[in-house]
file query.csv (CSV, C-alpha atoms and all ligand atoms)
chain,number,residue,atom,x,y,z
P,1,MET,CA,-14.4,-21.5,-19.2
P,2,MET,CA,-15.5,-22.7,-15.8
P,3,GLU,CA,-18.3,-20.3,-15.5
P,4,GLU,CA,-20.4,-21.1,-18.4
P,5,SER,CA,-23.1,-23.7,-18.0
P,6,LEU,CA,-21.7,-27.0,-19.0
P,7,GLN,CA,-24.0,-29.6,-20.5
P,8,LEU,CA,-21.9,-32.1,-22.2
P,9,GLN,CA,-20.1,-35.3,-23.0
P,10,LEU,CA,-22.7,-37.8,-22.1
P,11,GLY,CA,-22.1,-39.4,-25.5
P,12,PHE,CA,-18.5,-40.4,-25.4
P,13,GLY,CA,-17.6,-40.1,-21.8
P,14,ARG,CA,-19.1,-41.5,-18.7
P,15,GLU,CA,-19.3,-38.1,-17.2
P,16,PHE,CA,-22.0,-35.5,-17.1
P,17,VAL,CA,-21.5,-32.0,-15.7
P,18,PHE,CA,-24.0,-29.4,-14.6
P,19,ASN,CA,-24.0,-26.2,-12.6
P,20,ARG,CA,-25.9,-25.6,-9.5
P,21,PRO,CA,-26.2,-22.5,-7.4
P,22,VAL,CA,-25.1,-23.1,-3.8
P,23,GLU,CA,-25.9,-20.8,-0.9
P,24,ARG,CA,-23.4,-18.0,-0.2
P,25,SER,CA,-20.7,-19.7,-2.5
P,26,GLY,CA,-22.3,-19.0,-5.9
P,27,GLN,CA,-22.1,-21.7,-8.6
P,28,VAL,CA,-20.4,-25.0,-8.4
P,29,SER,CA,-20.1,-27.4,-11.2
P,30,VAL,CA,-21.2,-30.9,-10.4
P,31,LEU,CA,-19.4,-33.7,-12.1
P,32,LEU,CA,-21.4,-36.9,-12.3
P,33,VAL,CA,-19.2,-40.0,-12.8
P,34,ARG,CA,-20.2,-43.6,-13.2
P,35,ASN,CA,-18.3,-46.2,-11.4
P,36,ALA,CA,-19.4,-49.8,-11.8
P,37,ARG,CA,-17.4,-50.8,-8.7
P,38,SER,CA,-19.2,-48.4,-6.5
P,39,ARG,CA,-22.1,-49.7,-4.4
P,40,ARG,CA,-23.7,-46.4,-3.5
P,41,TYR,CA,-23.9,-42.8,-4.5
P,42,ILE,CA,-20.9,-40.9,-3.2
P,43,ILE,CA,-20.4,-37.2,-3.1
P,44,ARG,CA,-17.0,-35.4,-2.8
P,45,VAL,CA,-16.1,-31.8,-2.8
P,46,LEU,CA,-13.1,-31.4,-5.1
P,47,SER,CA,-12.6,-27.7,-4.8
P,48,GLU,CA,-14.5,-24.6,-3.9
P,49,ARG,CA,-16.0,-24.7,-7.3
P,50,SER,CA,-16.5,-28.3,-8.1
P,51,VAL,CA,-18.2,-31.3,-6.6
P,52,ARG,CA,-18.1,-34.9,-7.8
P,53,VAL,CA,-21.0,-37.4,-7.5
P,54,THR,CA,-20.2,-41.0,-8.1
P,55,ILE,CA,-23.0,-43.0,-9.6
P,56,PRO,CA,-23.0,-46.7,-8.6
P,57,ARG,CA,-23.7,-49.7,-10.7
P,58,GLY,CA,-27.4,-49.7,-11.5
P,59,GLY,CA,-27.6,-46.0,-10.6
P,60,THR,CA,-28.8,-43.2,-13.0
P,61,LEU,CA,-27.9,-39.7,-13.9
P,62,ARG,CA,-31.1,-38.6,-12.5
P,63,GLY,CA,-30.4,-40.4,-9.3
P,64,GLY,CA,-27.1,-38.6,-9.1
P,65,LYS,CA,-28.7,-35.3,-9.4
P,66,VAL,CA,-31.3,-36.1,-6.8
P,67,PHE,CA,-28.5,-37.3,-4.5
P,68,PHE,CA,-26.7,-34.0,-5.0
P,69,ASP,CA,-29.8,-32.0,-4.2
P,70,ASP,CA,-30.3,-34.1,-1.0
P,71,GLN,CA,-26.8,-33.3,0.1
P,72,HIS,CA,-27.1,-29.7,-0.7
P,73,ARG,CA,-26.7,-28.4,2.9
P,74,TRP,CA,-23.7,-30.6,3.5
P,75,VAL,CA,-22.0,-29.4,0.3
P,76,SER,CA,-22.7,-25.8,1.3
P,77,ASP,CA,-21.1,-26.3,4.7
P,78,GLN,CA,-18.0,-28.0,3.2
P,79,LEU,CA,-17.6,-25.1,0.8
P,80,ASP,CA,-17.9,-22.6,3.6
P,81,ARG,CA,-15.3,-24.5,5.6
P,82,MET,CA,-12.9,-24.5,2.6
P,83,GLU,CA,-13.3,-20.8,2.1
P,84,ARG,CA,-12.6,-20.0,5.8
P,85,GLN,CA,-9.5,-22.2,5.6
P,86,ARG,CA,-8.2,-20.4,2.6
P,87,ALA,CA,-8.8,-17.0,4.3
P,88,ARG,CA,-6.7,-18.2,7.3
P,89,GLU,CA,-3.8,-19.4,5.1
P,90,SER,CA,-3.2,-16.1,3.3
P,91,PRO,CA,0.5,-16.6,3.1
P,92,LEU,CA,3.2,-14.1,2.9
P,93,TRP,CA,5.5,-14.5,-0.2
P,94,LYS,CA,9.0,-14.4,1.1
P,95,PRO,CA,12.2,-16.5,0.5
P,96,GLY,CA,11.3,-20.2,0.8
P,97,THR,CA,7.6,-19.8,0.2
P,98,ARG,CA,6.6,-22.3,-2.4
P,99,ILE,CA,4.5,-21.2,-5.2
P,100,TRP,CA,3.1,-22.9,-8.4
P,101,ILE,CA,5.2,-22.3,-11.5
P,102,ARG,CA,4.7,-24.4,-14.6
P,103,GLY,CA,2.8,-27.0,-12.6
P,104,LYS,CA,5.4,-27.4,-9.9
P,105,LYS,CA,5.6,-25.9,-6.4
P,106,GLU,CA,8.9,-23.9,-6.5
P,107,PRO,CA,10.5,-22.2,-3.6
P,108,ILE,CA,11.1,-18.5,-3.9
P,109,ARG,CA,14.9,-18.1,-4.1
P,110,TRP,CA,16.6,-14.7,-4.0
P,111,ASP,CA,19.9,-13.2,-4.4
P,112,ARG,CA,20.5,-9.6,-3.2
P,113,ASN,CA,23.2,-7.5,-4.8
P,114,GLY,CA,23.3,-3.9,-3.6
P,115,ALA,CA,20.0,-2.3,-4.5
P,116,GLU,CA,19.1,-5.2,-6.9
P,117,THR,CA,17.3,-8.3,-5.9
P,118,ARG,CA,17.0,-11.3,-8.2
P,119,VAL,CA,14.2,-13.7,-7.5
P,120,LYS,CA,14.3,-17.2,-9.0
P,121,LEU,CA,11.3,-19.4,-9.3
P,122,GLY,CA,12.2,-22.6,-11.1
P,123,GLU,CA,13.7,-21.4,-14.5
P,124,ILE,CA,12.0,-18.0,-14.2
P,125,GLU,CA,14.1,-15.1,-13.0
P,126,LEU,CA,12.8,-11.7,-12.0
P,127,LYS,CA,14.7,-8.5,-11.0
P,128,PHE,CA,13.5,-6.0,-8.5
P,129,ASP,CA,15.1,-2.8,-7.2
P,130,ARG,CA,13.7,-3.2,-3.7
P,131,TRP,CA,12.8,-5.9,-1.2
P,132,GLU,CA,9.7,-6.1,1.0
P,133,LEU,CA,8.6,-8.4,3.7
P,134,ASP,CA,5.8,-9.6,1.4
P,135,MET,CA,7.0,-9.9,-2.2
P,136,ARG,CA,3.7,-11.2,-3.5
P,137,ALA,CA,2.5,-8.1,-5.3
P,138,GLN,CA,5.9,-7.6,-6.9
P,139,ILE,CA,6.4,-11.2,-7.9
P,140,GLU,CA,2.8,-11.4,-9.3
P,141,GLY,CA,3.4,-8.2,-11.3
P,142,GLY,CA,6.7,-9.7,-12.7
P,143,LEU,CA,5.0,-13.0,-13.7
P,144,ARG,CA,2.2,-11.1,-15.3
P,145,GLY,CA,4.7,-9.3,-17.4
P,146,ILE,CA,6.2,-12.5,-18.6
P,147,ALA,CA,2.8,-14.0,-19.3
P,148,ARG,CA,2.0,-10.9,-21.5
P,149,GLN,CA,5.0,-11.8,-23.7
P,150,GLU,CA,4.7,-15.5,-23.6
P,151,LEU,CA,1.0,-16.3,-23.9
P,152,PRO,CA,0.5,-14.4,-27.3
P,153,VAL,CA,3.4,-16.5,-28.7
P,154,CYS,CA,1.7,-19.7,-27.6
P,155,VAL,CA,-1.6,-18.6,-29.0
P,156,ASP,CA,0.0,-17.9,-32.4
P,157,ARG,CA,1.6,-21.4,-32.4
P,158,LEU,CA,-1.6,-23.2,-31.4
P,159,ALA,CA,-3.8,-21.0,-33.7
P,160,ASN,CA,-1.8,-22.3,-36.6
P,161,GLN,CA,-2.2,-25.9,-35.4
P,162,VAL,CA,-6.0,-25.6,-34.9
P,163,GLY,CA,-6.5,-23.3,-37.9
P,164,LEU,CA,-8.5,-20.7,-36.0
P,165,LYS,CA,-7.2,-17.2,-35.3
P,166,PRO,CA,-8.5,-14.9,-32.7
P,167,LYS,CA,-9.1,-11.2,-33.3
P,168,GLY,CA,-7.1,-10.2,-30.3
P,169,ILE,CA,-5.6,-11.4,-27.1
P,170,THR,CA,-5.7,-9.9,-23.6
P,171,VAL,CA,-3.9,-11.2,-20.6
P,172,ARG,CA,-5.6,-10.5,-17.3
P,173,GLY,CA,-5.8,-11.6,-13.7
P,174,GLN,CA,-9.3,-13.0,-13.5
P,175,ARG,CA,-10.1,-14.8,-10.2
P,176,THR,CA,-12.7,-17.1,-11.6
P,177,ARG,CA,-11.5,-18.4,-14.9
P,178,TRP,CA,-8.5,-19.4,-16.8
P,179,GLY,CA,-9.6,-18.0,-20.1
P,180,SER,CA,-12.6,-16.9,-22.1
P,181,CYS,CA,-13.5,-16.2,-25.7
P,182,SER,CA,-15.8,-13.4,-26.7
P,183,ALA,CA,-18.5,-13.5,-29.4
P,184,SER,CA,-16.5,-10.9,-31.3
P,185,GLY,CA,-13.5,-13.4,-31.5
P,186,GLY,CA,-11.2,-12.0,-28.8
P,187,LEU,CA,-9.4,-14.3,-26.3
P,188,SER,CA,-8.8,-13.3,-22.8
P,189,LEU,CA,-6.3,-15.4,-20.9
P,190,ASN,CA,-5.3,-15.5,-17.2
P,191,TRP,CA,-1.6,-14.7,-16.5
P,192,ARG,CA,-1.7,-17.5,-14.0
P,193,LEU,CA,-1.5,-19.9,-16.9
P,194,LEU,CA,2.2,-19.4,-16.2
P,195,GLN,CA,1.7,-21.4,-13.1
P,196,VAL,CA,0.2,-24.6,-14.6
P,197,PRO,CA,2.0,-27.3,-16.5
P,198,LEU,CA,2.8,-26.4,-20.2
P,199,ALA,CA,0.4,-29.1,-21.5
P,200,VAL,CA,-2.4,-27.7,-19.4
P,201,ARG,CA,-1.7,-24.2,-20.5
P,202,ASP,CA,-1.9,-25.3,-24.1
P,203,TYR,CA,-5.1,-27.1,-23.5
P,204,VAL,CA,-6.8,-23.9,-22.1
P,205,ILE,CA,-5.6,-22.0,-25.1
P,206,ILE,CA,-6.9,-24.7,-27.5
P,207,HIS,CA,-10.2,-24.8,-25.6
P,208,GLU,CA,-10.7,-21.1,-26.1
P,209,LEU,CA,-9.6,-21.2,-29.7
P,210,CYS,CA,-12.2,-23.9,-30.4
P,211,HIS,CA,-14.8,-21.5,-29.0
P,212,LEU,CA,-14.0,-19.4,-32.1
P,213,ARG,CA,-15.9,-22.1,-34.1
P,214,HIS,CA,-18.4,-23.3,-31.4
P,215,LEU,CA,-19.3,-20.7,-28.8
P,216,ASN,CA,-20.8,-23.4,-26.6
P,217,HIS,CA,-19.9,-26.7,-25.0
P,218,SER,CA,-21.7,-28.9,-27.4
P,219,PRO,CA,-20.5,-32.4,-28.3
P,220,ARG,CA,-19.1,-30.9,-31.6
P,221,PHE,CA,-17.1,-28.4,-29.6
P,222,TRP,CA,-15.6,-31.2,-27.4
P,223,GLN,CA,-14.9,-33.3,-30.6
P,224,LEU,CA,-12.8,-30.4,-31.9
P,225,VAL,CA,-11.0,-29.9,-28.6
P,226,ARG,CA,-10.3,-33.7,-28.5
P,227,ARG,CA,-8.9,-33.7,-32.0
P,228,HIS,CA,-6.3,-31.0,-31.1
P,229,CYS,CA,-5.8,-32.1,-27.5
P,230,PRO,CA,-6.5,-35.8,-27.0
P,231,ARG,CA,-5.7,-35.7,-23.2
P,232,TYR,CA,-7.9,-32.7,-22.5
P,233,ARG,CA,-9.9,-34.5,-19.7
P,234,GLU,CA,-6.7,-35.1,-17.7
P,235,HIS,CA,-5.9,-31.4,-18.1
P,236,GLU,CA,-9.4,-30.4,-17.1
P,237,THR,CA,-9.0,-32.5,-13.9
P,238,TRP,CA,-5.7,-30.9,-13.1
P,239,LEU,CA,-7.3,-27.4,-13.4
P,240,ARG,CA,-10.2,-28.4,-11.1
P,241,ARG,CA,-7.8,-29.9,-8.5
P,242,HIS,CA,-5.6,-26.9,-8.4
P,243,GLU,CA,-7.8,-23.9,-9.0
P,244,ASP,CA,-8.2,-23.1,-5.3
P,245,GLN,CA,-4.5,-23.0,-4.8
P,246,ILE,CA,-3.6,-21.0,-7.9
P,247,ILE,CA,-6.5,-19.0,-9.4
P,248,ARG,CA,-8.5,-18.1,-6.3
P,249,ARG,CA,-5.8,-17.2,-3.9
H,301,ZN,ZN,-15.4,-23.2,-22.6
call {"tool": "encode", "arguments": {"input": "query.csv", "output": "structure tokens", "more": "lines below"}}
Ligand SMILES: [Zn+2]
result
Amino acid sequence: MMEESLQLQLGFGREFVFNRPVERSGQVSVLLVRNARSRRYIIRVLSERSVRVTIPRGGTLRGGKVFFDDQHRWVSDQLDRMERQRARESPLWKPGTRIWIRGKKEPIRWDRNGAETRVKLGEIELKFDRWELDMRAQIEGGLRGIARQELPVCVDRLANQVGLKPKGITVRGQRTRWGSCSASGGLSLNWRLLQVPLAVRDYVIIHELCHLRHLNHSPRFWQLVRRHCPRYREHETWLRRHEDQIIRR
């Protein structure tokens, strides 16, 4: 979803998104947003994969693009800095570590009983037969198992609502995208959708289902998304803001 080239929504929004290659960091999507109260072009790095350029009153989309290109080196430096920071954090998952579950940062709680360890994350409970200093691999494996059961059920429900059924569903652990739709009609979803708010998870699924009809990001595609998920832009923003903390870790 994030990887494809986005060329969209100039018609009904005040936003325009395009992708640009950036040295060493690969692609970023650049969100151009008009703000009548702004007096100058402003650039802000939102995440390792997205940058926002604010276009002031009297400014133009073209001006926004030129401004981005002028700031290219600065953006590249900021992205490098963010990447180094993330590499330094690399947290251990142990009791008390807070991780994203259903859109909230929940502390890992545990309860050991003989050989069995029960881990609680919000309303999710996992059982393990051993305990390690870093529980990350085990917890991620457990969450992935839950996602494998849960996501196909959500897809069924939303496919009925949208009226488009996929040929198959796979649940994976992609590091760069929340979901995708293949030309042959298969959906691939990230198990980390378990970590985002329910409404955001549903939006990602609706987004991919709508690709069964339009395998692009044309205005007609977004019209269909909006019909089934009116608040999709809010959800898209949530994903952009949190992708570094959830998907890319
Ligand atoms: Zn898409």
call {"tool": "residues_around", "arguments": {"input": "query.csv", "residues": "P:Arg248", "least_positions_apart": "2", "cutoff": "12 Å", "atoms": "all atoms listed in the file", "output": "list in words"}}
result
Ser47, Glu48, Arg49, Met82, Glu83, Arg86, Ala87, Ser90, Gly173, Gln174, Arg175, Thr176, Arg177, Trp178, Asn190, Arg192, Leu239, Arg240, His242, Glu243, Asp244, Gln245 and Ile246 of chain P
call {"tool": "atom_distance", "arguments": {"input": "query.csv", "atom1": "atom CA of P:His228", "atom2": "atom CA of P:Asp202"}}
result
10.0 Å
call {"tool": "closest_residue", "arguments": {"input": "query.csv", "among": "P:Arg220, P:Arg40, P:His235, P:His207", "to": "ligand ZN 301 (chain H)", "atoms": "only C-alpha atoms and all ligand atoms"}}
result
P:His207
call {"tool": "closest_residue", "arguments": {"input": "query.csv", "among": "P:Leu121, P:Arg241, P:Arg201, P:Gly179", "to": "ligand ZN 301 (chain H)", "atoms": "all atoms listed in the file"}}
result
P:Gly179
call {"tool": "residues_around", "arguments": {"input": "query.csv", "residues": "stretch 92-101 of chain P", "least_positions_apart": "2", "cutoff": "8 Å", "atoms": "only C-alpha atoms", "output": "mmCIF file with C-alpha atoms, in the frame of the given file"}}
result
data_model
loop_
_atom_site.group_PDB
_atom_site.id
_atom_site.type_symbol
_atom_site.label_atom_id
_atom_site.label_comp_id
_atom_site.auth_asym_id
_atom_site.auth_seq_id
_atom_site.Cartn_x
_atom_site.Cartn_y
_atom_site.Cartn_z
ATOM 1 C CA SER P 90 -3.200 -16.100 3.300
ATOM 2 C CA GLY P 103 2.800 -27.000 -12.600
ATOM 3 C CA LYS P 104 5.400 -27.400 -9.900
ATOM 4 C CA LYS P 105 5.600 -25.900 -6.400
ATOM 5 C CA GLU P 106 8.900 -23.900 -6.500
ATOM 6 C CA PRO P 107 10.500 -22.200 -3.600
ATOM 7 C CA ILE P 108 11.100 -18.500 -3.900
ATOM 8 C CA ARG P 109 14.900 -18.100 -4.100
ATOM 9 C CA TRP P 110 16.600 -14.700 -4.000
ATOM 10 C CA LEU P 121 11.300 -19.400 -9.300
ATOM 11 C CA GLY P 122 12.200 -22.600 -11.100
ATOM 12 C CA LEU P 133 8.600 -8.400 3.700
ATOM 13 C CA ASP P 134 5.800 -9.600 1.400
ATOM 14 C CA MET P 135 7.000 -9.900 -2.200
ATOM 15 C CA ARG P 136 3.700 -11.200 -3.500
ATOM 16 C CA LEU P 194 2.200 -19.400 -16.200
ATOM 17 C CA GLN P 195 1.700 -21.400 -13.100
ATOM 18 C CA VAL P 196 0.200 -24.600 -14.600
ATOM 19 C CA PRO P 197 2.000 -27.300 -16.500
ATOM 20 C CA ILE P 246 -3.600 -21.000 -7.900
#
call {"tool": "residues_around", "arguments": {"input": "query.csv", "residues": "P:Pro166", "least_positions_apart": "6", "cutoff": "7 Å", "atoms": "only C-alpha atoms", "output": "number ranges by chain"}}
result
P: 185-187
call {"tool": "atom_distance", "arguments": {"input": "query.csv", "atom1": "atom CA of P:Ala147", "atom2": "atom CA of P:Glu125"}}
result
13.0 Å
call {"tool": "closest_residue", "arguments": {"input": "query.csv", "among": "P:Arg233, P:His211, P:Arg81, P:Lys127", "to": "ligand ZN 301 (chain H)", "atoms": "all atoms listed in the file"}}
result
P:His211
call {"tool": "atom_distance", "arguments": {"input": "query.csv", "atom1": "atom CA of P:Ile55", "atom2": "atom CA of P:Gln78"}}
result
20.3 Å
call {"tool": "decode", "arguments": {"input": "query.csv", "residues": "stretch 193-223 of chain P", "atoms": "N, CA and C atoms", "output": "PDB file, in the first residue's frame"}}
result
ATOM      1  N   LEU P 193      -1.152  -5.739  11.927  1.00  0.00           N
ATOM      2  CA  LEU P 193      -2.447  -5.047  11.976  1.00  0.00           C
ATOM      3  C   LEU P 193      -3.129  -5.293  13.320  1.00  0.00           C
ATOM      4  N   LEU P 194      -2.675  -6.297  14.030  1.00  0.00           N
ATOM      5  CA  LEU P 194      -3.143  -6.555  15.387  1.00  0.00           C
ATOM      6  C   LEU P 194      -2.712  -5.428  16.340  1.00  0.00           C
ATOM      7  N   GLN P 195      -1.722  -4.672  15.914  1.00  0.00           N
ATOM      8  CA  GLN P 195      -1.169  -3.638  16.782  1.00  0.00           C
ATOM      9  C   GLN P 195      -1.799  -2.260  16.564  1.00  0.00           C
ATOM     10  N   VAL P 196      -2.594  -2.125  15.531  1.00  0.00           N
ATOM     11  CA  VAL P 196      -3.177  -0.808  15.225  1.00  0.00           C
ATOM     12  C   VAL P 196      -4.630  -0.763  15.711  1.00  0.00           C
ATOM     13  N   PRO P 197      -5.219   0.437  15.829  1.00  0.00           N
ATOM     14  CA  PRO P 197      -6.619   0.503  16.272  1.00  0.00           C
ATOM     15  C   PRO P 197      -7.526  -0.301  15.325  1.00  0.00           C
ATOM     16  N   LEU P 198      -8.615  -0.815  15.857  1.00  0.00           N
ATOM     17  CA  LEU P 198      -9.516  -1.662  15.049  1.00  0.00           C
ATOM     18  C   LEU P 198      -9.988  -0.949  13.780  1.00  0.00           C
ATOM     19  N   ALA P 199     -10.322   0.328  13.919  1.00  0.00           N
ATOM     20  CA  ALA P 199     -10.837   1.062  12.753  1.00  0.00           C
ATOM     21  C   ALA P 199      -9.761   1.212  11.680  1.00  0.00           C
ATOM     22  N   VAL P 200      -8.517   1.339  12.138  1.00  0.00           N
ATOM     23  CA  VAL P 200      -7.403   1.486  11.193  1.00  0.00           C
ATOM     24  C   VAL P 200      -7.147   0.150  10.490  1.00  0.00           C
ATOM     25  N   ARG P 201      -7.200  -0.923  11.272  1.00  0.00           N
ATOM     26  CA  ARG P 201      -7.067  -2.266  10.689  1.00  0.00           C
ATOM     27  C   ARG P 201      -8.139  -2.478   9.612  1.00  0.00           C
ATOM     28  N   ASP P 202      -9.392  -2.126   9.948  1.00  0.00           N
ATOM     29  CA  ASP P 202     -10.475  -2.303   8.975  1.00  0.00           C
ATOM     30  C   ASP P 202     -10.232  -1.453   7.728  1.00  0.00           C
ATOM     31  N   TYR P 203      -9.711  -0.248   7.933  1.00  0.00           N
ATOM     32  CA  TYR P 203      -9.426   0.592   6.771  1.00  0.00           C
ATOM     33  C   TYR P 203      -8.414  -0.076   5.831  1.00  0.00           C
ATOM     34  N   VAL P 204      -7.344  -0.638   6.400  1.00  0.00           N
ATOM     35  CA  VAL P 204      -6.318  -1.277   5.556  1.00  0.00           C
ATOM     36  C   VAL P 204      -6.959  -2.412   4.750  1.00  0.00           C
ATOM     37  N   ILE P 205      -7.820  -3.183   5.401  1.00  0.00           N
ATOM     38  CA  ILE P 205      -8.462  -4.295   4.692  1.00  0.00           C
ATOM     39  C   ILE P 205      -9.397  -3.768   3.597  1.00  0.00           C
ATOM     40  N   ILE P 206     -10.172  -2.728   3.937  1.00  0.00           N
ATOM     41  CA  ILE P 206     -11.061  -2.129   2.921  1.00  0.00           C
ATOM     42  C   ILE P 206     -10.234  -1.593   1.746  1.00  0.00           C
ATOM     43  N   HIS P 207      -9.128  -0.940   2.071  1.00  0.00           N
ATOM     44  CA  HIS P 207      -8.232  -0.399   1.032  1.00  0.00           C
ATOM     45  C   HIS P 207      -7.820  -1.520   0.060  1.00  0.00           C
ATOM     46  N   GLU P 208      -7.359  -2.631   0.638  1.00  0.00           N
ATOM     47  CA  GLU P 208      -6.895  -3.728  -0.225  1.00  0.00           C
ATOM     48  C   GLU P 208      -8.055  -4.374  -0.983  1.00  0.00           C
ATOM     49  N   LEU P 209      -9.213  -4.494  -0.334  1.00  0.00           N
ATOM     50  CA  LEU P 209     -10.378  -5.054  -1.041  1.00  0.00           C
ATOM     51  C   LEU P 209     -10.759  -4.173  -2.234  1.00  0.00           C
ATOM     52  N   CYS P 210     -10.690  -2.856  -2.054  1.00  0.00           N
ATOM     53  CA  CYS P 210     -11.043  -1.939  -3.149  1.00  0.00           C
ATOM     54  C   CYS P 210     -10.075  -2.084  -4.328  1.00  0.00           C
ATOM     55  N   HIS P 211      -8.844  -2.549  -4.030  1.00  0.00           N
ATOM     56  CA  HIS P 211      -7.902  -2.805  -5.131  1.00  0.00           C
ATOM     57  C   HIS P 211      -8.354  -3.979  -5.999  1.00  0.00           C
ATOM     58  N   LEU P 212      -9.273  -4.808  -5.496  1.00  0.00           N
ATOM     59  CA  LEU P 212      -9.795  -5.899  -6.333  1.00  0.00           C
ATOM     60  C   LEU P 212     -10.555  -5.316  -7.522  1.00  0.00           C
ATOM     61  N   ARG P 213     -11.112  -4.125  -7.318  1.00  0.00           N
ATOM     62  CA  ARG P 213     -11.798  -3.475  -8.448  1.00  0.00           C
ATOM     63  C   ARG P 213     -10.876  -2.528  -9.197  1.00  0.00           C
ATOM     64  N   HIS P 214     -10.100  -1.746  -8.469  1.00  0.00           N
ATOM     65  CA  HIS P 214      -9.176  -0.790  -9.108  1.00  0.00           C
ATOM     66  C   HIS P 214      -7.770  -1.091  -8.601  1.00  0.00           C
ATOM     67  N   LEU P 215      -6.952  -1.639  -9.456  1.00  0.00           N
ATOM     68  CA  LEU P 215      -5.586  -1.982  -9.011  1.00  0.00           C
ATOM     69  C   LEU P 215      -4.666  -0.777  -9.208  1.00  0.00           C
ATOM     70  N   ASN P 216      -5.068   0.348  -8.637  1.00  0.00           N
ATOM     71  CA  ASN P 216      -4.294   1.592  -8.756  1.00  0.00           C
ATOM     72  C   ASN P 216      -4.807   2.549  -7.686  1.00  0.00           C
ATOM     73  N   HIS P 217      -4.248   3.740  -7.646  1.00  0.00           N
ATOM     74  CA  HIS P 217      -4.742   4.738  -6.692  1.00  0.00           C
ATOM     75  C   HIS P 217      -5.410   5.898  -7.424  1.00  0.00           C
ATOM     76  N   SER P 218      -6.259   5.558  -8.351  1.00  0.00           N
ATOM     77  CA  SER P 218      -6.963   6.567  -9.145  1.00  0.00           C
ATOM     78  C   SER P 218      -8.043   7.233  -8.283  1.00  0.00           C
ATOM     79  N   PRO P 219      -8.544   8.377  -8.731  1.00  0.00           N
ATOM     80  CA  PRO P 219      -9.645   9.020  -7.986  1.00  0.00           C
ATOM     81  C   PRO P 219     -10.832   8.078  -7.799  1.00  0.00           C
ATOM     82  N   ARG P 220     -11.105   7.197  -8.756  1.00  0.00           N
ATOM     83  CA  ARG P 220     -12.225   6.254  -8.611  1.00  0.00           C
ATOM     84  C   ARG P 220     -11.951   5.245  -7.507  1.00  0.00           C
ATOM     85  N   PHE P 221     -10.683   4.856  -7.397  1.00  0.00           N
ATOM     86  CA  PHE P 221     -10.312   3.961  -6.297  1.00  0.00           C
ATOM     87  C   PHE P 221     -10.616   4.629  -4.953  1.00  0.00           C
ATOM     88  N   TRP P 222     -10.143   5.891  -4.786  1.00  0.00           N
ATOM     89  CA  TRP P 222     -10.333   6.578  -3.501  1.00  0.00           C
ATOM     90  C   TRP P 222     -11.809   6.858  -3.214  1.00  0.00           C
ATOM     91  N   GLN P 223     -12.568   7.051  -4.283  1.00  0.00           N
ATOM     92  CA  GLN P 223     -14.002   7.251  -4.119  1.00  0.00           C
ATOM     93  C   GLN P 223     -14.643   5.996  -3.502  1.00  0.00           C
TER      94      GLN P 223
END
